[in-house]
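What follows is query.txt (compact mmCIF, N, CA and C atoms).
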# COMPACT_ATOMS: atom_id res chain seq x y z
N MET A 92 102.16 60.60 167.01
CA MET A 92 102.93 61.83 167.01
C MET A 92 104.33 61.50 166.51
N SER A 93 104.82 62.30 165.61
CA SER A 93 106.13 62.05 165.04
C SER A 93 107.05 63.23 165.33
N ILE A 94 108.28 62.92 165.64
CA ILE A 94 109.28 63.93 165.95
C ILE A 94 110.00 64.39 164.68
N PHE A 95 109.89 63.60 163.61
CA PHE A 95 110.64 63.92 162.40
C PHE A 95 110.30 65.29 161.80
N PRO A 96 109.04 65.73 161.74
CA PRO A 96 108.79 67.07 161.21
C PRO A 96 109.44 68.17 162.06
N LEU A 97 109.49 67.96 163.36
CA LEU A 97 110.13 68.93 164.24
C LEU A 97 111.63 69.01 163.95
N LEU A 98 112.26 67.86 163.77
CA LEU A 98 113.69 67.85 163.46
C LEU A 98 113.97 68.41 162.07
N GLN A 99 113.06 68.17 161.12
CA GLN A 99 113.24 68.72 159.78
C GLN A 99 113.15 70.24 159.82
N ALA A 100 112.20 70.78 160.57
CA ALA A 100 112.09 72.22 160.70
C ALA A 100 113.32 72.80 161.39
N ALA A 101 113.86 72.07 162.34
CA ALA A 101 115.06 72.54 163.03
C ALA A 101 116.26 72.58 162.09
N SER A 102 116.40 71.56 161.25
CA SER A 102 117.54 71.56 160.33
C SER A 102 117.43 72.69 159.31
N GLU A 103 116.22 73.00 158.87
CA GLU A 103 116.05 74.12 157.95
C GLU A 103 116.36 75.45 158.63
N ALA A 104 115.99 75.56 159.91
CA ALA A 104 116.26 76.80 160.64
C ALA A 104 117.75 76.97 160.90
N VAL A 105 118.47 75.88 161.12
CA VAL A 105 119.92 75.98 161.33
C VAL A 105 120.58 76.52 160.07
N ALA A 106 120.09 76.11 158.93
CA ALA A 106 120.67 76.59 157.68
C ALA A 106 120.40 78.08 157.48
N ASN A 107 119.28 78.58 158.02
CA ASN A 107 118.90 79.98 157.80
C ASN A 107 119.44 80.93 158.86
N ASN A 108 119.46 80.53 160.12
CA ASN A 108 119.91 81.44 161.18
C ASN A 108 120.41 80.63 162.39
N ASN A 109 120.73 81.32 163.47
CA ASN A 109 121.31 80.67 164.63
C ASN A 109 120.28 80.12 165.62
N THR A 110 119.00 80.38 165.44
CA THR A 110 118.00 79.89 166.38
C THR A 110 117.67 78.42 166.16
N GLY A 111 118.23 77.83 165.14
CA GLY A 111 117.97 76.43 164.84
C GLY A 111 118.46 75.49 165.92
N LEU A 112 119.49 75.90 166.64
CA LEU A 112 119.98 75.04 167.73
C LEU A 112 118.93 74.87 168.81
N ALA A 113 118.15 75.89 169.07
CA ALA A 113 117.07 75.77 170.05
C ALA A 113 116.01 74.79 169.54
N LEU A 114 115.75 74.79 168.25
CA LEU A 114 114.77 73.87 167.69
C LEU A 114 115.28 72.43 167.74
N ILE A 115 116.57 72.25 167.51
CA ILE A 115 117.14 70.92 167.63
C ILE A 115 117.05 70.46 169.08
N GLY A 116 117.31 71.35 170.01
CA GLY A 116 117.17 71.01 171.43
C GLY A 116 115.74 70.64 171.79
N ALA A 117 114.77 71.34 171.20
CA ALA A 117 113.37 71.01 171.45
C ALA A 117 113.03 69.62 170.92
N GLY A 118 113.51 69.30 169.76
CA GLY A 118 113.27 67.97 169.19
C GLY A 118 113.92 66.87 170.01
N LEU A 119 115.14 67.11 170.42
CA LEU A 119 115.82 66.11 171.25
C LEU A 119 115.15 65.97 172.62
N GLY A 120 114.70 67.08 173.17
CA GLY A 120 114.01 67.02 174.46
C GLY A 120 112.73 66.22 174.39
N ALA A 121 111.96 66.44 173.34
CA ALA A 121 110.71 65.68 173.18
C ALA A 121 111.00 64.20 172.98
N GLY A 122 112.02 63.90 172.21
CA GLY A 122 112.37 62.50 171.98
C GLY A 122 112.86 61.81 173.23
N LEU A 123 113.70 62.49 174.00
CA LEU A 123 114.21 61.89 175.23
C LEU A 123 113.10 61.70 176.27
N ALA A 124 112.16 62.64 176.31
CA ALA A 124 111.04 62.48 177.24
C ALA A 124 110.20 61.26 176.88
N THR A 125 110.00 61.05 175.60
CA THR A 125 109.22 59.91 175.14
C THR A 125 109.95 58.60 175.41
N ILE A 126 111.23 58.57 175.13
CA ILE A 126 112.01 57.36 175.37
C ILE A 126 112.07 57.04 176.86
N GLY A 127 112.28 58.06 177.68
CA GLY A 127 112.33 57.85 179.12
C GLY A 127 111.02 57.31 179.68
N ALA A 128 109.91 57.84 179.18
CA ALA A 128 108.60 57.36 179.64
C ALA A 128 108.39 55.91 179.22
N GLY A 129 108.77 55.57 178.02
CA GLY A 129 108.62 54.18 177.56
C GLY A 129 109.44 53.21 178.40
N LEU A 130 110.67 53.59 178.69
CA LEU A 130 111.51 52.74 179.53
C LEU A 130 110.96 52.61 180.94
N GLY A 131 110.51 53.71 181.50
CA GLY A 131 109.99 53.69 182.86
C GLY A 131 108.73 52.87 183.00
N ILE A 132 107.80 53.05 182.08
CA ILE A 132 106.54 52.30 182.14
C ILE A 132 106.79 50.82 181.86
N GLY A 133 107.70 50.52 180.96
CA GLY A 133 108.04 49.12 180.70
C GLY A 133 108.65 48.45 181.91
N ARG A 134 109.51 49.17 182.60
CA ARG A 134 110.13 48.60 183.80
C ARG A 134 109.09 48.40 184.91
N ILE A 135 108.19 49.36 185.07
CA ILE A 135 107.13 49.21 186.08
C ILE A 135 106.27 48.01 185.75
N GLY A 136 105.88 47.88 184.50
CA GLY A 136 105.04 46.75 184.11
C GLY A 136 105.72 45.41 184.34
N GLY A 137 106.97 45.32 183.97
CA GLY A 137 107.70 44.07 184.15
C GLY A 137 107.87 43.70 185.61
N GLN A 138 108.24 44.67 186.42
CA GLN A 138 108.43 44.41 187.84
C GLN A 138 107.11 44.11 188.54
N ALA A 139 106.02 44.74 188.09
CA ALA A 139 104.71 44.46 188.69
C ALA A 139 104.27 43.04 188.39
N VAL A 140 104.45 42.60 187.15
CA VAL A 140 104.09 41.23 186.79
C VAL A 140 104.94 40.23 187.58
N GLU A 141 106.21 40.53 187.72
CA GLU A 141 107.08 39.64 188.49
C GLU A 141 106.65 39.59 189.96
N GLY A 142 106.30 40.73 190.51
CA GLY A 142 105.84 40.76 191.90
C GLY A 142 104.53 40.02 192.08
N MET A 143 103.63 40.13 191.12
CA MET A 143 102.36 39.41 191.21
C MET A 143 102.57 37.90 191.07
N ALA A 144 103.56 37.51 190.28
CA ALA A 144 103.84 36.08 190.13
C ALA A 144 104.42 35.51 191.42
N ARG A 145 105.21 36.31 192.13
CA ARG A 145 105.82 35.83 193.37
C ARG A 145 104.82 35.81 194.53
N GLN A 146 103.94 36.80 194.56
CA GLN A 146 102.95 36.90 195.64
C GLN A 146 101.58 37.19 195.06
N PRO A 147 100.88 36.16 194.63
CA PRO A 147 99.56 36.39 194.01
C PRO A 147 98.54 37.04 194.94
N GLU A 148 98.69 36.86 196.25
CA GLU A 148 97.74 37.46 197.18
C GLU A 148 97.88 38.98 197.24
N ALA A 149 99.00 39.53 196.83
CA ALA A 149 99.22 40.98 196.85
C ALA A 149 99.01 41.61 195.47
N ALA A 150 98.41 40.88 194.55
CA ALA A 150 98.29 41.36 193.17
C ALA A 150 97.49 42.66 193.08
N GLY A 151 96.43 42.79 193.87
CA GLY A 151 95.62 44.00 193.81
C GLY A 151 96.39 45.24 194.22
N ARG A 152 97.13 45.13 195.31
CA ARG A 152 97.92 46.28 195.78
C ARG A 152 99.04 46.62 194.81
N ILE A 153 99.68 45.59 194.27
CA ILE A 153 100.77 45.83 193.32
C ILE A 153 100.23 46.50 192.05
N GLN A 154 99.09 46.03 191.58
CA GLN A 154 98.52 46.60 190.36
C GLN A 154 98.13 48.06 190.57
N THR A 155 97.54 48.37 191.72
CA THR A 155 97.16 49.75 192.01
C THR A 155 98.38 50.66 192.05
N ALA A 156 99.42 50.20 192.74
CA ALA A 156 100.65 51.00 192.84
C ALA A 156 101.29 51.18 191.47
N ALA A 157 101.29 50.13 190.65
CA ALA A 157 101.89 50.22 189.32
C ALA A 157 101.13 51.21 188.44
N LEU A 158 99.82 51.21 188.52
CA LEU A 158 99.03 52.16 187.71
C LEU A 158 99.28 53.61 188.15
N ILE A 159 99.38 53.83 189.45
CA ILE A 159 99.65 55.18 189.94
C ILE A 159 101.03 55.65 189.49
N LEU A 160 102.03 54.78 189.62
CA LEU A 160 103.39 55.15 189.20
C LEU A 160 103.47 55.39 187.69
N ALA A 161 102.77 54.57 186.91
CA ALA A 161 102.75 54.77 185.45
C ALA A 161 102.11 56.11 185.09
N ALA A 162 101.07 56.49 185.84
CA ALA A 162 100.44 57.79 185.58
C ALA A 162 101.40 58.94 185.90
N PHE A 163 102.17 58.81 186.98
CA PHE A 163 103.15 59.85 187.31
C PHE A 163 104.23 59.96 186.23
N ILE A 164 104.69 58.84 185.74
CA ILE A 164 105.72 58.86 184.70
C ILE A 164 105.15 59.46 183.42
N GLU A 165 103.93 59.08 183.07
CA GLU A 165 103.31 59.63 181.86
C GLU A 165 103.12 61.14 181.99
N GLY A 166 102.75 61.61 183.18
CA GLY A 166 102.59 63.04 183.39
C GLY A 166 103.90 63.79 183.25
N ALA A 167 104.98 63.23 183.78
CA ALA A 167 106.29 63.87 183.65
C ALA A 167 106.74 63.90 182.20
N ALA A 168 106.48 62.83 181.46
CA ALA A 168 106.86 62.80 180.05
C ALA A 168 106.04 63.81 179.24
N LEU A 169 104.76 63.89 179.54
CA LEU A 169 103.92 64.87 178.85
C LEU A 169 104.39 66.29 179.13
N PHE A 170 104.77 66.55 180.37
CA PHE A 170 105.31 67.85 180.72
C PHE A 170 106.57 68.16 179.91
N GLY A 171 107.46 67.19 179.80
CA GLY A 171 108.68 67.39 179.01
C GLY A 171 108.41 67.66 177.55
N ILE A 172 107.44 66.94 176.99
CA ILE A 172 107.11 67.14 175.57
C ILE A 172 106.47 68.51 175.36
N VAL A 173 105.59 68.92 176.26
CA VAL A 173 104.95 70.24 176.14
C VAL A 173 105.99 71.35 176.22
N ILE A 174 106.92 71.24 177.15
CA ILE A 174 107.99 72.24 177.27
C ILE A 174 108.82 72.28 175.99
N ALA A 175 109.12 71.12 175.43
CA ALA A 175 109.90 71.08 174.19
C ALA A 175 109.15 71.77 173.05
N PHE A 176 107.85 71.54 172.94
CA PHE A 176 107.08 72.20 171.89
C PHE A 176 106.91 73.69 172.15
N LEU A 177 106.87 74.09 173.41
CA LEU A 177 106.83 75.53 173.71
C LEU A 177 108.13 76.20 173.30
N ILE A 178 109.25 75.54 173.53
CA ILE A 178 110.54 76.07 173.08
C ILE A 178 110.55 76.19 171.55
N GLN A 179 110.02 75.18 170.88
CA GLN A 179 109.98 75.19 169.43
C GLN A 179 109.11 76.33 168.93
N GLY A 180 108.02 76.65 169.64
CA GLY A 180 107.13 77.70 169.21
C GLY A 180 107.70 79.11 169.41
N LYS A 181 108.71 79.26 170.25
CA LYS A 181 109.32 80.57 170.52
C LYS A 181 110.16 81.06 169.34
N PHE A 182 110.65 80.13 168.51
CA PHE A 182 111.57 80.53 167.47
C PHE A 182 110.98 80.37 166.10

Translate the structure described by the file into structure tokens.
Amino acid sequence: MSIFPLLQAASEAVANNNTGLALIGAGLGAGLATIGAGLGIGRIGGQAVEGMARQPEAAGRIQTAALILAAFIEGAALFGIVIAFLIQGKF
């Protein structure tokens, strides 16, 4: 999925009328949701591996918790991207 076509459509809309700012906001919202999810899942993965290295006997519990937290982060990011595309579809 690429954000560039969304931003290109937003820039064309800004040139034509005032609703382009909403499209730029939609593009930025989708991008920030994606970046935030990547950072969050990366941090969870890194900390989970570090925790498993320190306490190998707790690896199963740590892995389960990390997968659940990653799913929550992915769900929140997907929600943000869907909202951004809904905003884009209004204009």

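The space between atom C of Gly122 (chain A) and atom N of Ala168 (chain A) spans 10.5 Å.
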
Write out as a PyMOL selection string the residues lying within 9 Å of Ile135 (chain A), counting only C-alpha atoms and excluding same-chain residues fewer than 6 positions away.
chain A and resi 157-158+160-161

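The closest residue to Leu114 (chain A), picked from A:Ile174, A:Ala100, A:Ile132, A:Ala149 and counting only C-alpha atoms, is A:Ala100.
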
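Comparing A:Val140, A:Ile115, A:Glu165, A:Pro96 by their smallest distance to Ile153 (chain A), the closest is A:Val140 (using only N, CA and C atoms).
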
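Here atom N of Ile172 (chain A) and atom N of Gln99 (chain A) stand 16.9 Å from one another.
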